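A.B. asks: Please find entry-v8.tsv (TSV, C-alpha atoms and all ligand atoms) on the next line:
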```tsv
chain	number	residue	atom	x	y	z
A	26	MET	CA	0.00	0.00	0.00
A	27	LYS	CA	1.28	3.47	-0.94
A	28	ASP	CA	2.01	5.92	1.86
A	29	ILE	CA	-0.73	8.54	2.35
A	30	LEU	CA	1.84	11.21	1.38
A	31	ALA	CA	2.07	9.71	-2.10
A	32	PHE	CA	-1.66	10.06	-2.87
A	33	GLU	CA	-3.21	13.14	-4.42
A	34	THR	CA	-6.00	14.57	-2.28
A	35	VAL	CA	-7.97	15.68	-5.33
A	36	ALA	CA	-7.31	15.07	-9.03
A	37	LEU	CA	-8.84	14.38	-12.42
A	38	ASP	CA	-8.43	10.88	-13.87
A	39	ASP	CA	-6.32	10.30	-17.01
A	40	GLU	CA	-9.33	10.66	-19.32
A	41	ASN	CA	-10.40	13.91	-17.63
A	42	SER	CA	-13.77	12.35	-17.04
A	43	LYS	CA	-13.85	11.66	-13.28
A	44	LEU	CA	-12.96	13.44	-10.09
A	45	VAL	CA	-10.60	11.28	-8.04
A	46	ILE	CA	-10.45	11.83	-4.27
A	47	ILE	CA	-9.36	10.03	-1.13
A	48	ASP	CA	-12.50	9.39	0.92
A	49	GLN	CA	-11.48	11.24	4.08
A	50	THR	CA	-14.42	9.90	6.07
A	51	GLN	CA	-12.72	6.46	5.97
A	52	LEU	CA	-9.34	7.68	7.29
A	53	PRO	CA	-7.26	6.63	9.11
A	54	GLY	CA	-8.69	3.08	8.96
A	55	ARG	CA	-8.88	2.70	5.21
A	56	VAL	CA	-7.45	4.54	2.22
A	57	GLU	CA	-10.33	4.39	-0.23
A	58	ILE	CA	-10.08	6.17	-3.56
A	59	LEU	CA	-13.35	7.40	-5.07
A	60	HIS	CA	-13.96	8.13	-8.75
A	61	LEU	CA	-16.85	10.57	-9.04
A	62	GLU	CA	-18.66	11.60	-12.15
A	63	THR	CA	-22.09	13.12	-11.57
A	64	GLN	CA	-22.85	16.49	-10.02
A	65	GLN	CA	-24.79	14.82	-7.25
A	66	GLU	CA	-21.85	12.54	-6.38
A	67	ILE	CA	-19.50	15.53	-6.26
A	68	PHE	CA	-21.95	17.67	-4.26
A	69	GLU	CA	-22.37	14.86	-1.72
A	70	ALA	CA	-18.62	14.25	-1.47
A	71	ILE	CA	-18.15	17.93	-0.55
A	72	TYR	CA	-21.15	18.09	1.79
A	73	LEU	CA	-20.25	14.85	3.60
A	74	LEU	CA	-16.59	15.92	3.93
A	75	LYS	CA	-15.24	13.06	1.83
A	76	VAL	CA	-13.18	15.87	0.35
A	77	ARG	CA	-12.72	18.76	2.75
A	78	GLY	CA	-10.57	21.70	3.76
A	79	ALA	CA	-11.04	25.09	2.14
A	80	PRO	CA	-8.43	24.85	-0.67
A	81	ALA	CA	-9.26	21.20	-1.49
A	82	ILE	CA	-12.98	21.89	-1.87
A	83	GLY	CA	-12.11	24.82	-4.15
A	84	VAL	CA	-10.06	22.51	-6.39
A	85	ALA	CA	-12.74	19.78	-6.23
A	86	ALA	CA	-15.42	22.30	-7.25
A	87	ALA	CA	-13.28	23.55	-10.16
A	88	PHE	CA	-12.83	19.98	-11.44
A	89	GLY	CA	-16.50	19.28	-10.70
A	90	ILE	CA	-17.80	22.20	-12.74
A	91	TYR	CA	-15.48	21.28	-15.61
A	92	LEU	CA	-16.99	17.77	-15.61
A	93	ALA	CA	-20.50	19.29	-15.58
A	94	ALA	CA	-19.64	21.60	-18.47
A	95	LYS	CA	-18.21	18.70	-20.45
A	96	ARG	CA	-21.55	16.90	-20.27
A	97	ILE	CA	-23.65	19.83	-21.55
A	98	GLN	CA	-24.75	18.90	-25.06
A	99	THR	CA	-25.40	22.07	-27.04
A	100	GLU	CA	-23.57	24.36	-29.41
A	101	ASP	CA	-25.66	27.37	-28.40
A	102	TYR	CA	-23.88	29.69	-25.95
A	103	SER	CA	-26.90	30.96	-24.03
A	104	SER	CA	-28.33	27.50	-23.36
A	105	PHE	CA	-24.82	26.28	-22.47
A	106	TYR	CA	-24.41	29.15	-20.02
A	107	GLN	CA	-27.85	28.55	-18.48
A	108	ASP	CA	-27.04	24.88	-17.74
A	109	TYR	CA	-23.52	25.78	-16.62
A	110	LYS	CA	-24.80	28.35	-14.14
A	111	LYS	CA	-27.31	25.90	-12.69
A	112	ALA	CA	-24.56	23.32	-12.08
A	113	SER	CA	-22.25	25.95	-10.61
A	114	ASP	CA	-24.90	27.26	-8.17
A	115	TYR	CA	-25.65	23.69	-7.11
A	116	LEU	CA	-21.99	22.94	-6.29
A	117	GLU	CA	-21.57	26.28	-4.52
A	118	SER	CA	-24.48	25.46	-2.20
A	119	ALA	CA	-22.67	22.38	-0.82
A	120	ARG	CA	-20.79	24.35	1.86
A	121	PRO	CA	-21.25	28.07	2.61
A	122	THR	CA	-18.31	29.10	4.80
A	123	ALA	CA	-15.06	28.24	3.01
A	124	VAL	CA	-14.79	31.02	0.48
A	125	ASN	CA	-12.43	29.00	-1.74
A	126	LEU	CA	-15.42	27.07	-3.07
A	127	ALA	CA	-17.16	30.21	-4.37
A	128	TRP	CA	-13.80	31.70	-5.39
A	129	ALA	CA	-12.87	28.72	-7.60
A	130	LEU	CA	-16.33	28.60	-9.17
A	131	ARG	CA	-16.24	32.33	-9.88
A	132	ARG	CA	-12.85	31.95	-11.53
A	133	MET	CA	-14.18	29.11	-13.70
A	134	GLU	CA	-17.31	31.09	-14.61
A	135	GLN	CA	-15.17	34.00	-15.73
A	136	VAL	CA	-13.64	31.70	-18.34
A	137	VAL	CA	-17.12	31.05	-19.71
A	138	THR	CA	-18.29	34.68	-19.75
A	139	GLU	CA	-15.03	36.10	-21.13
A	140	ASN	CA	-15.04	33.65	-24.03
A	141	ALA	CA	-18.65	33.95	-25.13
A	142	ASP	CA	-17.45	34.50	-28.71
A	143	LYS	CA	-15.70	31.11	-28.84
A	144	SER	CA	-17.19	27.73	-29.74
A	145	ILE	CA	-18.52	25.55	-26.90
A	146	SER	CA	-15.75	23.00	-27.43
A	147	GLN	CA	-13.14	25.77	-27.17
A	148	ILE	CA	-14.77	26.97	-23.93
A	149	LYS	CA	-14.66	23.42	-22.55
A	150	ALA	CA	-10.95	23.17	-23.39
A	151	LEU	CA	-10.29	26.50	-21.64
A	152	LEU	CA	-12.22	25.31	-18.58
A	153	LEU	CA	-9.98	22.24	-18.40
A	154	GLN	CA	-6.89	24.47	-18.51
A	155	GLU	CA	-8.30	26.70	-15.77
A	156	CYS	CA	-9.16	23.93	-13.31
A	157	ARG	CA	-5.73	22.40	-13.78
A	158	ALA	CA	-4.18	25.83	-13.17
A	159	ILE	CA	-6.21	26.27	-9.95
A	160	LYS	CA	-4.78	23.01	-8.64
A	161	GLU	CA	-1.19	23.76	-9.67
A	162	GLU	CA	-1.37	27.22	-8.14
A	163	ASP	CA	-2.72	25.73	-4.92
A	164	THR	CA	0.31	23.43	-4.63
A	165	ASP	CA	2.65	26.32	-5.31
A	166	MET	CA	0.86	28.62	-2.81
A	167	CYS	CA	1.02	25.98	-0.10
A	168	ARG	CA	4.74	25.51	-0.59
A	169	ARG	CA	5.28	29.26	-0.32
A	170	ILE	CA	3.08	29.44	2.80
A	171	GLY	CA	5.31	26.70	4.20
A	172	GLU	CA	8.44	28.79	3.53
A	173	HIS	CA	7.00	31.83	5.31
A	174	GLY	CA	5.71	29.69	8.16
A	175	LEU	CA	9.13	28.10	8.65
A	176	SER	CA	10.62	31.57	9.12
A	177	VAL	CA	8.86	31.84	12.52
A	178	LEU	CA	9.69	28.30	13.71
A	179	LYS	CA	12.88	26.90	15.18
A	180	ASP	CA	13.97	23.31	14.69
A	181	GLY	CA	12.54	21.23	17.54
A	182	ALA	CA	9.68	23.68	18.26
A	183	GLY	CA	6.37	22.59	19.79
A	184	VAL	CA	3.40	23.47	17.61
A	185	LEU	CA	-0.27	23.10	18.44
A	186	THR	CA	-2.78	22.79	15.62
A	187	HIS	CA	-6.55	22.43	15.40
A	188	CYS	CA	-8.55	20.54	12.75
A	189	ASN	CA	-6.67	19.45	9.62
A	190	ALA	CA	-5.07	22.11	7.49
A	191	GLY	CA	-2.56	19.69	6.04
A	192	LEU	CA	-1.99	18.05	2.70
A	193	LEU	CA	-5.37	16.31	3.02
A	194	ALA	CA	-7.04	19.74	2.99
A	195	THR	CA	-5.16	21.07	-0.05
A	196	SER	CA	-3.50	19.89	-3.27
A	197	LYS	CA	-0.19	19.33	-1.45
A	198	TYR	CA	1.70	20.32	1.75
A	199	GLY	CA	-1.31	22.01	3.41
A	200	THR	CA	-1.39	25.47	4.93
A	201	ALA	CA	-0.99	25.25	8.73
A	202	LEU	CA	0.97	22.01	8.34
A	203	ALA	CA	2.98	23.13	5.29
A	204	PRO	CA	5.90	24.45	7.40
A	205	ILE	CA	6.03	21.11	9.21
A	206	HIS	CA	6.08	19.04	6.01
A	207	LEU	CA	8.55	21.41	4.37
A	208	GLY	CA	10.73	21.34	7.49
A	209	ARG	CA	10.71	17.54	7.35
A	210	GLU	CA	11.98	17.66	3.75
A	211	ARG	CA	14.91	19.64	5.16
A	212	GLY	CA	15.61	17.25	8.01
A	213	MET	CA	13.99	19.37	10.73
A	214	ASN	CA	11.89	17.96	13.55
A	215	PHE	CA	8.92	19.42	15.39
A	216	ARG	CA	6.66	18.25	18.22
A	217	VAL	CA	3.10	18.67	17.03
A	218	PHE	CA	0.09	18.59	19.34
A	219	THR	CA	-3.10	18.08	17.38
A	220	ASP	CA	-6.45	18.80	19.00
A	221	GLU	CA	-8.76	15.89	18.23
A	222	THR	CA	-11.28	18.50	16.93
A	223	ARG	CA	-14.79	17.53	17.96
A	224	PRO	CA	-17.19	16.66	16.52
A	225	LEU	CA	-15.72	15.30	13.27
A	226	LEU	CA	-12.25	14.53	14.63
A	227	GLN	CA	-10.22	15.94	11.75
A	228	GLY	CA	-7.28	16.42	14.13
A	229	ALA	CA	-7.25	12.89	15.56
A	230	ARG	CA	-8.10	11.12	12.32
A	231	LEU	CA	-6.43	13.21	9.63
A	232	SER	CA	-3.70	15.50	11.01
A	233	ALA	CA	-2.29	12.74	13.20
A	234	PHE	CA	-2.36	10.33	10.25
A	235	GLU	CA	-0.52	12.54	7.79
A	236	LEU	CA	1.96	13.88	10.37
A	237	MET	CA	2.90	10.38	11.51
A	238	ALA	CA	3.29	9.28	7.89
A	239	ASP	CA	5.83	12.10	7.56
A	240	GLY	CA	7.71	10.95	10.65
A	241	VAL	CA	6.62	13.91	12.82
A	242	ASP	CA	6.57	13.56	16.62
A	243	THR	CA	2.76	13.73	16.96
A	244	THR	CA	0.56	13.84	20.05
A	245	VAL	CA	-3.25	13.82	19.89
A	246	ILE	CA	-5.01	15.67	22.69
A	247	CYS	CA	-8.70	16.16	23.42
A	248	ASP	CA	-9.83	19.70	22.67
A	249	ASN	CA	-10.19	20.46	26.37
A	250	MET	CA	-6.52	19.60	27.06
A	251	ALA	CA	-4.98	22.46	25.09
A	252	SER	CA	-4.79	24.72	28.14
A	253	GLN	CA	-2.85	22.15	30.15
A	254	VAL	CA	-0.46	21.43	27.29
A	255	MET	CA	0.21	25.17	26.94
A	256	LYS	CA	0.64	25.56	30.69
A	257	ASN	CA	3.21	22.74	30.64
A	258	GLY	CA	5.29	24.93	28.33
A	259	TRP	CA	5.13	22.47	25.44
A	260	VAL	CA	3.78	24.88	22.81
A	261	ASP	CA	5.97	27.51	21.14
A	262	ALA	CA	3.41	28.51	18.51
A	263	VAL	CA	-0.13	27.74	17.38
A	264	PHE	CA	-0.61	27.18	13.64
A	265	VAL	CA	-4.16	26.92	12.26
A	266	GLY	CA	-5.75	27.12	8.84
A	267	CYS	CA	-8.66	29.28	7.77
A	268	ASP	CA	-11.85	29.01	5.76
A	269	ARG	CA	-12.35	32.73	5.26
A	270	VAL	CA	-10.47	35.78	6.50
A	271	ALA	CA	-12.44	39.04	6.59
A	272	ALA	CA	-10.97	42.39	5.54
A	273	ASN	CA	-10.28	43.34	9.19
A	274	GLY	CA	-8.33	40.11	9.85
A	275	ASP	CA	-11.06	38.22	11.71
A	276	ALA	CA	-10.40	34.60	10.75
A	277	CYS	CA	-13.01	31.89	10.41
A	278	ASN	CA	-11.82	28.33	10.93
A	279	LYS	CA	-12.99	25.02	12.36
A	280	ILE	CA	-15.15	25.29	15.48
A	281	GLY	CA	-12.95	25.52	18.55
A	282	THR	CA	-10.21	27.60	16.93
A	283	SER	CA	-11.24	30.83	18.67
A	284	GLY	CA	-10.98	29.11	22.07
A	285	VAL	CA	-7.44	28.02	21.24
A	286	ALA	CA	-6.59	31.63	20.32
A	287	ILE	CA	-7.95	32.89	23.63
A	288	LEU	CA	-5.82	30.32	25.49
A	289	ALA	CA	-2.73	31.20	23.45
A	290	LYS	CA	-3.15	34.86	24.39
A	291	HIS	CA	-3.45	33.91	28.07
A	292	TYR	CA	-0.20	31.94	27.96
A	293	GLY	CA	1.63	34.45	25.73
A	294	ILE	CA	2.00	31.99	22.83
A	295	PRO	CA	2.04	33.37	19.26
A	296	PHE	CA	-1.08	32.42	17.31
A	297	TYR	CA	-0.69	32.23	13.52
A	298	VAL	CA	-3.37	31.74	10.87
A	299	LEU	CA	-2.04	30.25	7.63
A	300	GLY	CA	-3.88	30.35	4.32
A	301	PRO	CA	-3.65	31.32	0.66
A	302	THR	CA	-4.86	34.72	-0.52
A	303	SER	CA	-7.81	32.88	-2.12
A	304	THR	CA	-9.11	32.49	1.46
A	305	ILE	CA	-8.92	36.23	2.16
A	306	ASP	CA	-12.24	37.83	1.36
A	307	LEU	CA	-11.83	41.59	1.20
A	308	SER	CA	-15.52	41.93	0.30
A	309	THR	CA	-16.46	40.60	3.77
A	310	PRO	CA	-15.77	43.47	6.20
A	311	THR	CA	-15.66	41.56	9.52
A	312	GLY	CA	-16.08	38.08	10.96
A	313	ASP	CA	-19.71	38.89	11.82
A	314	ASP	CA	-20.45	38.94	8.08
A	315	ILE	CA	-19.17	35.38	7.46
A	316	PRO	CA	-21.94	32.77	7.02
A	317	ILE	CA	-21.39	29.91	9.46
A	318	GLU	CA	-22.36	26.43	8.32
A	319	GLN	CA	-24.64	24.53	10.70
A	320	ARG	CA	-24.26	20.74	10.57
A	321	PRO	CA	-26.64	17.88	11.49
A	322	ALA	CA	-27.14	17.00	15.17
A	323	GLU	CA	-26.22	13.34	14.54
A	324	GLU	CA	-22.57	14.31	14.05
A	325	ILE	CA	-22.49	15.05	17.79
A	326	THR	CA	-24.98	12.56	19.20
A	327	HIS	CA	-24.50	9.41	17.08
A	328	MET	CA	-21.71	9.47	14.58
A	329	TRP	CA	-18.73	8.03	16.49
A	330	TYR	CA	-20.63	5.83	18.93
A	331	GLU	CA	-21.99	2.33	18.78
A	332	LYS	CA	-25.11	3.60	20.57
A	333	PRO	CA	-26.35	7.22	20.70
A	334	MET	CA	-24.46	9.03	23.47
A	335	ALA	CA	-27.03	11.76	24.16
A	336	PRO	CA	-30.70	11.45	25.10
A	337	ASP	CA	-33.07	11.06	22.21
A	338	GLY	CA	-34.55	14.39	21.12
A	339	VAL	CA	-32.04	16.58	23.00
A	340	LYS	CA	-31.42	20.01	21.44
A	341	VAL	CA	-28.06	20.21	19.65
A	342	TYR	CA	-26.07	23.22	18.42
A	343	ASN	CA	-23.50	22.20	15.81
A	344	PRO	CA	-21.80	25.12	14.05
A	345	ALA	CA	-18.93	23.87	11.86
A	346	PHE	CA	-16.81	27.01	12.25
A	347	ASP	CA	-16.11	29.95	14.54
A	348	VAL	CA	-14.43	33.31	14.11
A	349	THR	CA	-11.20	34.26	15.85
A	350	ASP	CA	-11.05	37.95	16.61
A	351	HIS	CA	-8.21	39.69	14.71
A	352	GLU	CA	-6.87	41.05	18.01
A	353	LEU	CA	-5.86	37.52	19.01
A	354	ILE	CA	-3.90	36.82	15.83
A	355	THR	CA	-0.12	37.35	15.79
A	356	GLY	CA	0.17	37.06	12.01
A	357	ILE	CA	-1.64	35.81	8.92
A	358	ILE	CA	0.81	33.76	6.86
A	359	THR	CA	0.06	33.71	3.13
A	360	GLU	CA	1.98	32.76	-0.02
A	361	HIS	CA	2.92	36.44	-0.38
A	362	GLY	CA	4.30	36.88	3.11
A	363	ILE	CA	3.12	37.46	6.67
A	364	ALA	CA	0.46	40.10	7.29
A	365	ARG	CA	0.69	41.72	10.74
A	366	PRO	CA	-1.73	44.03	12.55
A	367	PRO	CA	-3.38	46.32	11.65
A	368	TYR	CA	-4.88	43.84	9.20
A	369	THR	CA	-7.21	46.31	7.51
A	370	GLU	CA	-4.05	47.78	5.99
A	371	SER	CA	-1.69	44.82	5.78
A	372	LEU	CA	-4.16	42.49	4.03
A	373	LYS	CA	-5.00	45.13	1.42
A	374	GLU	CA	-1.28	45.70	0.92
A	375	LEU	CA	-0.72	41.99	0.23
A	376	PHE	CA	-2.96	42.33	-2.79
A	377	THR	CA	-1.80	45.70	-4.05
A	378	LYS	CA	1.91	44.79	-3.73
A	379	GLN	CA	1.41	41.58	-5.67
A	380	GLY	CA	-0.73	43.24	-8.35
A	381	THR	CA	-2.68	40.85	-10.54
A	382	SER	CA	-0.79	37.77	-9.32
A	383	ALA	CA	-2.70	37.91	-6.05
A	384	LYS	CA	-6.17	36.94	-7.21
A	385	GLY	CA	-7.80	37.02	-3.80
A	386	CYS	CA	-11.48	37.20	-3.15
A	387	GLY	CA	-13.14	40.56	-3.38
A	388	GLU	CA	-10.52	41.79	-5.84
A	401	LIG	O1	-15.07	21.14	7.87
A	401	LIG	P1	-13.69	21.03	7.30
A	401	LIG	O2	-12.98	19.78	7.72
A	401	LIG	O3	-13.69	21.23	5.81
A	401	LIG	O4	-12.92	22.26	7.96
A	401	LIG	C1	-11.60	22.49	7.57
A	401	LIG	C2	-10.94	23.58	8.32
A	401	LIG	O5	-11.52	24.25	9.14
A	401	LIG	C3	-9.52	23.88	7.92
A	401	LIG	O6	-8.77	24.33	9.01
A	401	LIG	C4	-9.54	24.99	6.84
A	401	LIG	O7	-10.42	24.65	5.81
A	401	LIG	C5	-8.20	25.22	6.28
A	401	LIG	S1	-7.64	23.88	5.29
A	401	LIG	C6	-6.14	24.26	4.63
```
Rewrite the structure from the file as structure tokens, please.

C.D. replies:
Amino acid sequence: MKDILAFETVALDDENSKLVIIDQTQLPGRVEILHLETQQEIFEAIYLLKVRGAPAIGVAAAFGIYLAAKRIQTEDYSSFYQDYKKASDYLESARPTAVNLAWALRRMEQVVTENADKSISQIKALLLQECRAIKEEDTDMCRRIGEHGLSVLKDGAGVLTHCNAGLLATSKYGTALAPIHLGRERGMNFRVFTDETRPLLQGARLSAFELMADGVDTTVICDNMASQVMKNGWVDAVFVGCDRVAANGDACNKIGTSGVAILAKHYGIPFYVLGPTSTIDLSTPTGDDIPIEQRPAEEITHMWYEKPMAPDGVKVYNPAFDVTDHELITGIITEHGIARPPYTESLKELFTKQGTSAKGCGE
């Protein structure tokens, strides 16, 4: 069996006719590769978190909409566009918080609208190019995020992370875990504490799995143990990913992240958010404006238990994400460098300095 590091999280098959993903709901027990074709299969894979993590769902949606476009049988632009838009809206509705999903679909749609004068088969060929480019750029961005992240870490450092913002959440390397993987390539070692991340256990199941496969000294802790681990002096920095960063630097990430940030502030530990500029949404002014996905109650009451672990009919609150206030964030590490407070200025600067190469949201 190949090592998990050798698999691609999200890809197109050789005939460009199927979306190929690792079914992350089966990890770490089983590495199952899925070949998905229909829009419903791809929608469900995103909704059920078979493919997950903000950048990875962006890439999956780009491949997914290409596959949908390929199946539209017409030579007439306006009926092509009508069907295309329907498929795109459907995929976008799978998950509302991670802005990369909408970002990738908007980028793909631009290819359609900017080439209205071309034949439908030419448009389909351009869509294929664009979705491949989105994936390649994601790999490149993650590597660069890793370089910038490494600049604030010493060999042997203790890092605490929450959820999975690793290679399983992106095309390669990850965001929050990119410095760790990159450091490993260079013979460095880190001690990583991964919160199990209730309720879907991305930290225990996924981060621990990929970190151990890379030979990283990995310790899983329950979410409520982070304070003790910090108090013990074992954490030099917190590295987390993000699903959407607002223009003022408020950062939305997996539920529980904001609590970790509050603890880090208490113990004087630097708290870094790592993500590509495609996750920065300058059109969303503050964290209060970010839509938070609510998930089914069963994920808390039934999913990981042989028998239900909460009384039948109990009320459940299950938001998938929370917002970390910008005041708690030491730096936002992107492929273009590290933004520091005040974020209202530094995030804007990231885009203006990089000109058109920084195609962030809201630009
Ligand atoms: O619900 P998930 O598993 O898709 O949530 C993922 C996260 O919150 C990640 O930290 C975030 O998407 C960044 S992934 C590089």

A.B. asks: Using all atoms listed in the file, which residues of the polymer chains come no farther than 6 Å from ligand LIG 401 (chain A)? I'd like the answer as a PDB file with C-alpha atoms, keeping the file's coordinate frame.

C.D. replies:
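Final output, saved to selection.pdb:
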```
ATOM      1  CA  ARG A  77     -12.720  18.760   2.750  1.00  0.00           C
ATOM      2  CA  GLY A  78     -10.570  21.700   3.760  1.00  0.00           C
ATOM      3  CA  ALA A  79     -11.040  25.090   2.140  1.00  0.00           C
ATOM      4  CA  PRO A  80      -8.430  24.850  -0.670  1.00  0.00           C
ATOM      5  CA  CYS A 188      -8.550  20.540  12.750  1.00  0.00           C
ATOM      6  CA  ASN A 189      -6.670  19.450   9.620  1.00  0.00           C
ATOM      7  CA  ALA A 190      -5.070  22.110   7.490  1.00  0.00           C
ATOM      8  CA  GLY A 191      -2.560  19.690   6.040  1.00  0.00           C
ATOM      9  CA  ALA A 194      -7.040  19.740   2.990  1.00  0.00           C
ATOM     10  CA  THR A 195      -5.160  21.070  -0.050  1.00  0.00           C
ATOM     11  CA  GLY A 199      -1.310  22.010   3.410  1.00  0.00           C
ATOM     12  CA  THR A 200      -1.390  25.470   4.930  1.00  0.00           C
ATOM     13  CA  GLY A 266      -5.750  27.120   8.840  1.00  0.00           C
ATOM     14  CA  CYS A 267      -8.660  29.280   7.770  1.00  0.00           C
ATOM     15  CA  ASP A 268     -11.850  29.010   5.760  1.00  0.00           C
ATOM     16  CA  ASN A 278     -11.820  28.330  10.930  1.00  0.00           C
ATOM     17  CA  LYS A 279     -12.990  25.020  12.360  1.00  0.00           C
TER      18      LYS A 279
END
```

A.B. asks: Between atom CA of Lys197 of chain A and atom CA of Val217 of chain A, what is the spacing in Å?

C.D. replies: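 So the answer is 18.8 Å.
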
A.B. asks: Give the centre and edge lengths of an axis-aligned box, in Å to one decimal, that holds all listed atoms of segment 128-138 of chain A with 8 Å on each side, as JSON.

C.D. replies:
```
{"center_x": -15.6, "center_y": 31.6, "center_z": -12.6, "size_x": 21.4, "size_y": 22.1, "size_z": 30.4}
```

A.B. asks: Select, from A:Glu323, A:Glu370, A:Asp239, A:Glu134, the residue with the minimum atom-to-atom distance to Ile90 of chain A, counting only C-alpha atoms.

C.D. replies: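 Closest residue, counting only C-alpha atoms: A:Glu134.
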
A.B. asks: I'd like to know which of A:Ala289, A:Val241, A:Ala201, A:Val124 is closest to Thr309 of chain A, using all atoms listed in the file.

C.D. replies: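 Among A:Ala289, A:Val241, A:Ala201, A:Val124, it is A:Val124 that comes nearest to Thr309 of chain A.
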
A.B. asks: Given the point (-23.2, 12.7, 8.7) in the file's coordinates, find the residues that have an atom at most 12 Å from it, counting only C-alpha atoms, and give them as a PDB file with C-alpha atoms, in the frame of the given file.

C.D. replies:
```
ATOM      1  CA  THR A  50     -14.420   9.900   6.070  1.00  0.00           C
ATOM      2  CA  GLU A  69     -22.370  14.860  -1.720  1.00  0.00           C
ATOM      3  CA  ALA A  70     -18.620  14.250  -1.470  1.00  0.00           C
ATOM      4  CA  ILE A  71     -18.150  17.930  -0.550  1.00  0.00           C
ATOM      5  CA  TYR A  72     -21.150  18.090   1.790  1.00  0.00           C
ATOM      6  CA  LEU A  73     -20.250  14.850   3.600  1.00  0.00           C
ATOM      7  CA  LEU A  74     -16.590  15.920   3.930  1.00  0.00           C
ATOM      8  CA  LYS A  75     -15.240  13.060   1.830  1.00  0.00           C
ATOM      9  CA  PRO A 224     -17.190  16.660  16.520  1.00  0.00           C
ATOM     10  CA  LEU A 225     -15.720  15.300  13.270  1.00  0.00           C
ATOM     11  CA  ARG A 320     -24.260  20.740  10.570  1.00  0.00           C
ATOM     12  CA  PRO A 321     -26.640  17.880  11.490  1.00  0.00           C
ATOM     13  CA  ALA A 322     -27.140  17.000  15.170  1.00  0.00           C
ATOM     14  CA  GLU A 323     -26.220  13.340  14.540  1.00  0.00           C
ATOM     15  CA  GLU A 324     -22.570  14.310  14.050  1.00  0.00           C
ATOM     16  CA  ILE A 325     -22.490  15.050  17.790  1.00  0.00           C
ATOM     17  CA  THR A 326     -24.980  12.560  19.200  1.00  0.00           C
ATOM     18  CA  HIS A 327     -24.500   9.410  17.080  1.00  0.00           C
ATOM     19  CA  MET A 328     -21.710   9.470  14.580  1.00  0.00           C
ATOM     20  CA  TRP A 329     -18.730   8.030  16.490  1.00  0.00           C
ATOM     21  CA  ASN A 343     -23.500  22.200  15.810  1.00  0.00           C
TER      22      ASN A 343
END
```

A.B. asks: Between A:Leu153, A:Ser104, A:Trp128, A:Phe32, which is the closest to Gly89 of chain A once you count all atoms listed in the file?

C.D. replies: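 Smallest separation from Gly89 of chain A among the options: A:Leu153.
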
A.B. asks: Could you please determine the separation between atom CA of Leu151 of chain A and atom CA of Val270 of chain A in Å, to one decimal place?

C.D. replies: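 Separation between atom CA of Leu151 of chain A and atom CA of Val270 of chain A: 29.6 Å.
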
A.B. asks: For segment 162-164 of chain A, find every residue with an atom within 10 Å (counting only C-alpha atoms), except residues of its own chain fewer than 2 positions away, and show them as a list in words.

C.D. replies: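 Contacts, in chain order: Pro80, Ala81, Gly83, Val84, Cys156, Arg157, Ala158, Ile159, Lys160, Met166, Cys167, Arg168, Arg169, Ile170, Leu192, Thr195, Ser196, Lys197, Tyr198, Gly199, Thr200, Pro301, Ser303 and Glu360 of chain A.
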
A.B. asks: Of the candidates A:Gln65, A:Gln147, A:Thr304, A:Gln154, which one gets nearest to Cys277 of chain A if we count only C-alpha atoms?

C.D. replies: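 Looking only at the distances to Cys277 of chain A, the closest residue turns out to be A:Thr304.
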
A.B. asks: Please determine, counting all atoms listed in the file, which residue among A:His173, A:His351, A:Lys373, A:Arg216 has the shortest atom-to-atom distance to Val245 of chain A.

C.D. replies: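 The closest residue to Val245 of chain A is A:Arg216.
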
A.B. asks: Using all atoms listed in the file, find the one residue out of A:Met133, A:Met255, A:Arg120, A:Glu57 that sits nearest to Ala93 of chain A.

C.D. replies: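 Residue with the minimum atom-to-atom distance to Ala93 of chain A: A:Met133.
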
A.B. asks: Between atom CA of Phe218 of chain A and atom CA of Leu288 of chain A, what distance in Å does the model show, to one decimal?

C.D. replies: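 Value for the atom CA of Phe218 of chain A-atom CA of Leu288 of chain A distance: 14.5 Å.
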
A.B. asks: Env of Gln253 of chain A: 12 Å cut, atoms = only C-alpha atoms, seq-sep filter 3 positions within chain, self excluded. Answer as a PyMOL selection string.

C.D. replies: chain A and resi 218+246-250+256-260+285+288-289+291-292

A.B. asks: Generate a file of the selected residues that holds C-alpha atoms, formatted as a CSV table (one decimal), keeping the file's coordinate frame.

C.D. replies:
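Result saved to part_23.csv:
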```
chain,number,residue,atom,x,y,z
A,218,PHE,CA,0.1,18.6,19.3
A,246,ILE,CA,-5.0,15.7,22.7
A,247,CYS,CA,-8.7,16.2,23.4
A,248,ASP,CA,-9.8,19.7,22.7
A,249,ASN,CA,-10.2,20.5,26.4
A,250,MET,CA,-6.5,19.6,27.1
A,256,LYS,CA,0.6,25.6,30.7
A,257,ASN,CA,3.2,22.7,30.6
A,258,GLY,CA,5.3,24.9,28.3
A,259,TRP,CA,5.1,22.5,25.4
A,260,VAL,CA,3.8,24.9,22.8
A,285,VAL,CA,-7.4,28.0,21.2
A,288,LEU,CA,-5.8,30.3,25.5
A,289,ALA,CA,-2.7,31.2,23.4
A,291,HIS,CA,-3.4,33.9,28.1
A,292,TYR,CA,-0.2,31.9,28.0
```

A.B. asks: List as a list in words the protein and nucleic acid residues near Ala345 of chain A, meaning an atom at most 6 Å away when only C-alpha atoms are counted, but skip any in the same chain fewer than 2 places from it.

C.D. replies: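 Skipping anything fewer than 2 positions along the chain leaves Ile280, Glu318 and Gln319 of chain A.
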